[in-house]
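Peer 1: Dropping a structure here in structure tokens format, bear with me for questions.
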Protein chains: 2
Amino acid sequence: MRPTSSAETFPANTPAASQVFTAVLSHGPLARLEVSRRVGLSPAAVTKAVRPLIEAGYLVEGADEEARPALGRPANLVRVDGGRALFIGVKVTGDEIIGVLTDLCCRVRVARHLPLPDRDPRTVLSGIAELVEQLLAETDGPAAPVLGLGIAVSGDVDRGEGTVRYSPFLEWRDVPLAELAAMTTGLPVTVDNDVRALTVAEQWFGAGAGLTDFAVVTVGAGIGCGLVVHGRVVAGAHGVAGEIGHVTVDPAGPLCHCGNRGCVEAIAGEAAIVRQVHEATGVRLTHPGEALALAREGVAGAREVYARAGEAIGRGIATVANLLGPERVIISGEGLAAYDLFAEQIRDAFVTAAFGSAAQCDVRTRPLPFEEWARGAAATAIQSFITPDTSR
Amino acid sequence: MRPTSSAETFPANTPAASQVFTAVLSHGPLARLEVSRRVGLSPAAVTKAVRPLIEAGYLVEGADEEARPALGRPANLVRVDGGRALFIGVKVTGDEIIGVLTDLCCRVRVARHLPLPDRDPRTVLSGIAELVEQLLAETDGPAAPVLGLGIAVSGDVDRGEGTVRYSPFLEWRDVPLAELAAMTTGLPVTVDNDVRALTVAEQWFGAGAGLTDFAVVTVGAGIGCGLVVHGRVVAGAHGVAGEIGHVTVDPAGPLCHCGNRGCVEAIAGEAAIVRQVHEATGVRLTHPGEALALAREGVAGAREVYARAGEAIGRGIATVANLLGPERVIISGEGLAAYDLFAEQIRDAFVTAAFGSAAQCDVRTRPLPFEEWARGAAATAIQSFITPDTSR
């Protein structure tokens, strides 16, 4: 138990102060006037919000040496002191736990992996505790305390309750993970769906920074989607949102684990690709990498499986664009390893199925290493720390 | 020109004051404490926001006579004085203009229809001017001035610019309708997409009141969808959003006017139904009502067309639910006339295609008369009046 870590609270108890801090975190260093413009507050209100944050050491202000004018003093810029506080992010997959130690600006200092012998919640919890202990050993002492732990899990996660309601990959139902992990580690814990966590990291520190409406589409074992609408991540009234993997592409297509036919995931998910490449080539496959190798070698039928997967993903993205009109769609996930085999089909299917000016949406890929998912979890912990309200 | 009408501005120039007024408008009469709870402001801030609104006559406060306690004074309730200001809403269809005069609470006082000889913007503008003139004649004089005109048009409408960018039904491109109508009528004008306008009315005064996340699906000549996410109507970064009509149901299905195959609209839109019933029965049809009559009479093949339409609509709604997880989906539009013929299929297809707890979404129908679309337009005018920011 490390009660000292959780004792510190963020000295910004107004929505204005959280907004100011978030703006500097995502876009800083910024001049105060620029902060004022971005958050729509008066310069006086910004000054009032900034003061306690500077006093507590979360923000620092100093001359902008890079933009020194020919005459007169350089402008003062406000920036986050990243080293003021640390956070831990953990992503739980079916066979390992990935943990990162980040600073307050969500920059990764250390990343560690721990294999999971099984998926029992007790095994996972003791693995998380071990990983957290290892990462805490990397910190510099009380000057930069660890102030929160974020855990990202695939499936239906209730962030407000801190509960994993249903995770098909882990085969968990109703696990009060936040409470259990807080007891084990002594840290304040935020639990969120892994795609939503990645989306938070993209919103604050990645390709979504500055956008109010965008989507992150993850391609891999599952096909997921994190949505930011009106500046906030969509969670769904009943815990389900962003299920692009279950957009129907072809009602006569292959059966999906959800019970329907021809879902994007039933055509473009990792297991679906392995199965279809096996069916097309007759080669026995034990790993997605083998399917990819066959397609790259040009084995008849294998390449077509990837082409159809790309078409399905492109149609799914067009559906998101037609319904929500995001400014940008960021495609990521380990499935991007096959990007050369389906990029063109994603693009073509998207443009064909996008309605009118929805085709103007900026669809781009962004290969993110697997640690990025753990970084997303750390971002949710930072979010909970600086804006307590968003945890519900 | 009626410059007197547009001279009055709303005495709530802070976001807090707009929030307070909107809460009382949607949920009133309310005790001040209840207002405070709903908008998350301190009682002192509510008092500060309420004062100028009472002074200007937009809000009134009085004893709650219905809830008089056995002892002591009854609680004071704040309500909107609906008669304090009037608004006009106009919906333009392919063959007529429908106009309503409403009070500040969006209650319809008079509704009028005007046939359209053609769809030329000049014809439509002079029709709008005539209808507005007729509705202005129904007002009571300066005590209840008309403070805004809302115009709802189907297609790609840029509300911020006041421009109809593209309306397939009207065959318009880049018509600066707000500016033209303001010159013709002398009123401040808000122009919005018709489905979004209907969604605003549902959000403030209808089945969406109190919900932060819901969808309105309109079934008729087109299949449209208005989305409210995080409490605000989704407009789309490029002007396109809510295009449920172009969700693909069957890539081998009938050709859609958008160029794709098997869109919801290509199966369940009015023209598609008429064409399919004609194909199935061989009967020459000139009006959707005739297709409906054949199906009701049990003519072989006609009923199946409606069943497939219901299935397509249900799948489209499931796609919305899987991506956004709304609390409620409200189905409306003139196509509800056939509801007995496809209600079951909508429900079944929705439940089958909804992913996990997305199936808990409350899907309900709400037959809205055609005037309701004009009322939606009036709601956008009220919205522009009381929260100037939302017009962009």
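Residue numbering restarts at 1 for every chain of the structure tokens, chains are lettered A, B, ... in their displayed order, and ligands are numbered from 1 as they appear.
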List the spatial neighbours of A:Asn13 as a PyMOL selection string - criterion: any atom at most 12 Å away, only C-alpha atoms, same-chain residues fewer than 5 positions off excluded.
Peer 2: chain A and resi 18-21+49-50+52-53+385-389
Peer 1: Would you put the residues from that selection into a file with N, CA and C atoms, as a PDB file, in the first residue's frame?
Peer 2:
```pdb
ATOM      1  N   SER A  18      -9.661  23.085 -15.135  1.00  0.00           N
ATOM      2  CA  SER A  18      -9.396  21.847 -15.873  1.00  0.00           C
ATOM      3  C   SER A  18      -9.226  22.136 -17.356  1.00  0.00           C
ATOM      4  N   GLN A  19     -10.087  22.996 -17.901  1.00  0.00           N
ATOM      5  CA  GLN A  19     -10.000  23.344 -19.323  1.00  0.00           C
ATOM      6  C   GLN A  19      -8.672  23.999 -19.652  1.00  0.00           C
ATOM      7  N   VAL A  20      -8.267  24.928 -18.802  1.00  0.00           N
ATOM      8  CA  VAL A  20      -7.009  25.632 -19.033  1.00  0.00           C
ATOM      9  C   VAL A  20      -5.860  24.640 -19.010  1.00  0.00           C
ATOM     10  N   PHE A  21      -5.846  23.769 -17.996  1.00  0.00           N
ATOM     11  CA  PHE A  21      -4.755  22.812 -17.888  1.00  0.00           C
ATOM     12  C   PHE A  21      -4.739  21.863 -19.087  1.00  0.00           C
ATOM     13  N   ALA A  49      -7.079  30.942 -13.051  1.00  0.00           N
ATOM     14  CA  ALA A  49      -7.003  29.483 -13.111  1.00  0.00           C
ATOM     15  C   ALA A  49      -5.555  29.005 -13.062  1.00  0.00           C
ATOM     16  N   VAL A  50      -4.674  29.781 -13.659  1.00  0.00           N
ATOM     17  CA  VAL A  50      -3.272  29.365 -13.790  1.00  0.00           C
ATOM     18  C   VAL A  50      -2.537  29.457 -12.449  1.00  0.00           C
ATOM     19  N   PRO A  52      -2.989  28.890  -9.065  1.00  0.00           N
ATOM     20  CA  PRO A  52      -2.755  27.751  -8.149  1.00  0.00           C
ATOM     21  C   PRO A  52      -2.020  26.592  -8.820  1.00  0.00           C
ATOM     22  N   LEU A  53      -2.138  26.484 -10.154  1.00  0.00           N
ATOM     23  CA  LEU A  53      -1.448  25.401 -10.861  1.00  0.00           C
ATOM     24  C   LEU A  53       0.048  25.665 -10.927  1.00  0.00           C
ATOM     25  N   PHE A 385      -7.258  12.283 -13.053  1.00  0.00           N
ATOM     26  CA  PHE A 385      -6.586  13.118 -12.050  1.00  0.00           C
ATOM     27  C   PHE A 385      -6.918  14.591 -12.250  1.00  0.00           C
ATOM     28  N   ILE A 386      -6.876  15.045 -13.500  1.00  0.00           N
ATOM     29  CA  ILE A 386      -7.036  16.491 -13.699  1.00  0.00           C
ATOM     30  C   ILE A 386      -8.484  16.917 -13.912  1.00  0.00           C
ATOM     31  N   THR A 387      -9.354  16.014 -14.311  1.00  0.00           N
ATOM     32  CA  THR A 387     -10.771  16.363 -14.456  1.00  0.00           C
ATOM     33  C   THR A 387     -11.610  15.268 -13.804  1.00  0.00           C
ATOM     34  N   PRO A 388     -11.732  15.327 -12.490  1.00  0.00           N
ATOM     35  CA  PRO A 388     -12.395  14.254 -11.751  1.00  0.00           C
ATOM     36  C   PRO A 388     -13.767  13.879 -12.330  1.00  0.00           C
ATOM     37  N   ASP A 389     -14.457  14.851 -12.920  1.00  0.00           N
ATOM     38  CA  ASP A 389     -15.822  14.602 -13.406  1.00  0.00           C
ATOM     39  C   ASP A 389     -15.875  13.579 -14.529  1.00  0.00           C
TER      40      ASP A 389
END
```
Peer 1: Could you list the residues in chain B lying within 7 Å of chain A, using only C-alpha atoms, and format the result as a PyMOL selection string?
Peer 2: chain B and resi 229+234+236-244+247+250-251+260+319+322-327+353+357-358
Peer 1: Mind writing the picked residues with N, CA, C and O atoms as a compact mmCIF listing (two decimals), in the first residue's frame?
Peer 2:
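Contents of the output file again.txt:
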```txt
# COMPACT_ATOMS: atom_id res chain seq x y z
N VAL B 229 -25.70 13.89 -29.50
CA VAL B 229 -24.63 13.23 -28.75
C VAL B 229 -24.06 14.24 -27.77
O VAL B 229 -23.80 15.38 -28.14
N VAL B 234 -25.65 16.62 -33.80
CA VAL B 234 -24.45 16.38 -34.61
C VAL B 234 -24.67 16.97 -36.00
O VAL B 234 -25.67 16.66 -36.66
N GLY B 236 -21.80 17.32 -38.30
CA GLY B 236 -20.79 16.78 -39.23
C GLY B 236 -19.79 17.84 -39.64
O GLY B 236 -20.16 18.96 -39.97
N ALA B 237 -18.51 17.47 -39.62
CA ALA B 237 -17.45 18.44 -39.93
C ALA B 237 -17.57 18.96 -41.36
O ALA B 237 -17.19 20.09 -41.65
N HIS B 238 -18.13 18.16 -42.25
CA HIS B 238 -18.23 18.58 -43.65
C HIS B 238 -19.68 18.75 -44.08
O HIS B 238 -19.98 18.73 -45.27
N GLY B 239 -20.58 18.87 -43.11
CA GLY B 239 -21.99 19.12 -43.43
C GLY B 239 -22.82 17.86 -43.57
O GLY B 239 -24.04 17.94 -43.64
N VAL B 240 -22.19 16.71 -43.60
CA VAL B 240 -22.94 15.45 -43.72
C VAL B 240 -22.92 14.75 -42.36
O VAL B 240 -21.88 14.63 -41.73
N ALA B 241 -24.10 14.33 -41.90
CA ALA B 241 -24.21 13.53 -40.67
C ALA B 241 -25.59 12.87 -40.69
O ALA B 241 -26.50 13.34 -41.36
N GLY B 242 -25.73 11.79 -39.97
CA GLY B 242 -27.03 11.14 -39.82
C GLY B 242 -27.55 10.47 -41.08
O GLY B 242 -28.74 10.23 -41.21
N GLU B 243 -26.63 10.15 -42.02
CA GLU B 243 -27.09 9.58 -43.29
C GLU B 243 -27.40 8.08 -43.15
O GLU B 243 -26.83 7.23 -43.83
N ILE B 244 -28.35 7.78 -42.29
CA ILE B 244 -28.76 6.39 -42.08
C ILE B 244 -29.34 5.81 -43.37
O ILE B 244 -29.27 4.61 -43.61
N VAL B 247 -26.71 3.78 -45.16
CA VAL B 247 -26.08 2.60 -44.56
C VAL B 247 -26.39 1.44 -45.50
O VAL B 247 -27.53 1.26 -45.94
N ASP B 250 -27.47 -4.34 -48.07
CA ASP B 250 -27.21 -5.49 -48.93
C ASP B 250 -26.45 -5.03 -50.17
O ASP B 250 -27.03 -4.39 -51.05
N PRO B 251 -25.14 -5.37 -50.22
CA PRO B 251 -24.33 -4.88 -51.35
C PRO B 251 -24.80 -5.42 -52.70
O PRO B 251 -24.38 -4.92 -53.75
N ASN B 260 -24.45 3.75 -54.85
CA ASN B 260 -24.17 2.45 -54.25
C ASN B 260 -25.38 1.52 -54.38
O ASN B 260 -26.43 1.93 -54.88
N THR B 319 -27.28 -0.17 -36.56
CA THR B 319 -25.96 0.39 -36.85
C THR B 319 -25.75 1.66 -36.03
O THR B 319 -24.68 1.86 -35.44
N ASN B 322 -25.19 0.56 -32.44
CA ASN B 322 -23.89 -0.08 -32.21
C ASN B 322 -22.75 0.93 -32.21
O ASN B 322 -21.76 0.76 -31.51
N LEU B 323 -22.89 1.99 -33.00
CA LEU B 323 -21.81 2.99 -33.06
C LEU B 323 -21.93 4.02 -31.94
O LEU B 323 -20.93 4.46 -31.41
N LEU B 324 -23.16 4.42 -31.59
CA LEU B 324 -23.31 5.55 -30.68
C LEU B 324 -23.95 5.22 -29.34
O LEU B 324 -23.88 6.01 -28.41
N GLY B 325 -24.62 4.08 -29.27
CA GLY B 325 -25.23 3.71 -28.00
C GLY B 325 -26.21 4.74 -27.47
O GLY B 325 -26.12 5.13 -26.30
N PRO B 326 -27.16 5.25 -28.27
CA PRO B 326 -28.10 6.25 -27.76
C PRO B 326 -29.05 5.63 -26.72
O PRO B 326 -29.24 4.43 -26.69
N GLU B 327 -29.60 6.51 -25.88
CA GLU B 327 -30.57 6.02 -24.90
C GLU B 327 -31.88 5.64 -25.59
O GLU B 327 -32.58 4.72 -25.19
N ALA B 353 -29.53 -7.40 -34.93
CA ALA B 353 -28.27 -6.77 -35.34
C ALA B 353 -27.65 -5.90 -34.25
O ALA B 353 -26.50 -5.50 -34.38
N SER B 357 -25.38 -5.00 -25.19
CA SER B 357 -26.35 -4.18 -24.47
C SER B 357 -26.90 -3.02 -25.31
O SER B 357 -27.80 -2.31 -24.86
N ALA B 358 -26.39 -2.83 -26.55
CA ALA B 358 -26.99 -1.82 -27.43
C ALA B 358 -28.46 -2.15 -27.70
O ALA B 358 -29.26 -1.27 -28.00
```
Peer 1: Which distance in Å separates atom CA of A:Val110 and atom CA of A:Glu371, to one decimal?
Peer 2: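 According to the coordinates, atom CA of A:Val110 and atom CA of A:Glu371 are separated by 9.9 Å.
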Peer 1: For each of B:Gly89, B:Pro29, B:Gly222, B:Gly208, take the minimum atom-to-atom distance to B:Val132, counting only C-alpha atoms, then give the residue where this is smallest.
Peer 2: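 Residue with the minimum atom-to-atom distance to B:Val132: B:Gly89.
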Peer 1: Give me, as a PyMOL selection string, all polymer residues having an atom no more than 7 Å from stretch 183-199 of chain A, counting only C-alpha atoms and skipping those fewer than 3 positions away in the same chain.
Peer 2: chain A and resi 1-3+5-6+129+147-159+162+178-180+202-203+216+224-226+373+376-377+380-381
Peer 1: Near B:Leu114, counting only C-alpha atoms, which residues have an atom at most 7 Å away, once you skip same-chain residues fewer than 2 positions from it, shown as a list of chain:residue names?
Peer 2: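 So the residues in contact are B:Glu96, B:Ile97, B:Ile98, B:Arg112, B:Leu116.
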Peer 1: Grab the atom CA of B:Thr365 to atom CA of B:Glu265 distance for me, in Å with one decimal place.
Peer 2: 18.4 Å
Peer 1: Using Å and a single decimal, report how far atom CA of B:Ala201 sits from atom CA of B:Ala56.
Peer 2: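 So the answer is 24.4 Å.
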Peer 1: Mind listing the strand (DSSP E) residues of stretch 170-261 of chain B, per DSSP on the backbone, as an MDAnalysis selection string?
Peer 2: chainID B and resid 172:175 189:193 214:219 223:229 232:233
Peer 1: Taking into account only C-alpha atoms, which residue in the set B:Leu125, B:Phe169, B:Glu297, B:Pro145 is nearest to B:Ala182?
Peer 2: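 The answer is B:Leu125, which sits nearest to B:Ala182.
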Peer 1: For B:Tyr306, which residue out of B:Ser36, B:Thr22, B:Ser332, B:Gln276 is the nearest one, using only C-alpha atoms?
Peer 2: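 Ranked by minimum distance to B:Tyr306, first place goes to B:Gln276.
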Peer 1: How would you write, as a ChimeraX atom specification, the set of residues in stretch 144-312 of chain A that DSSP gives as helix (DSSP H, G or I)?
Peer 2: /A:177-185,194-205,244-246,264-268,270-281,288-297,302-312
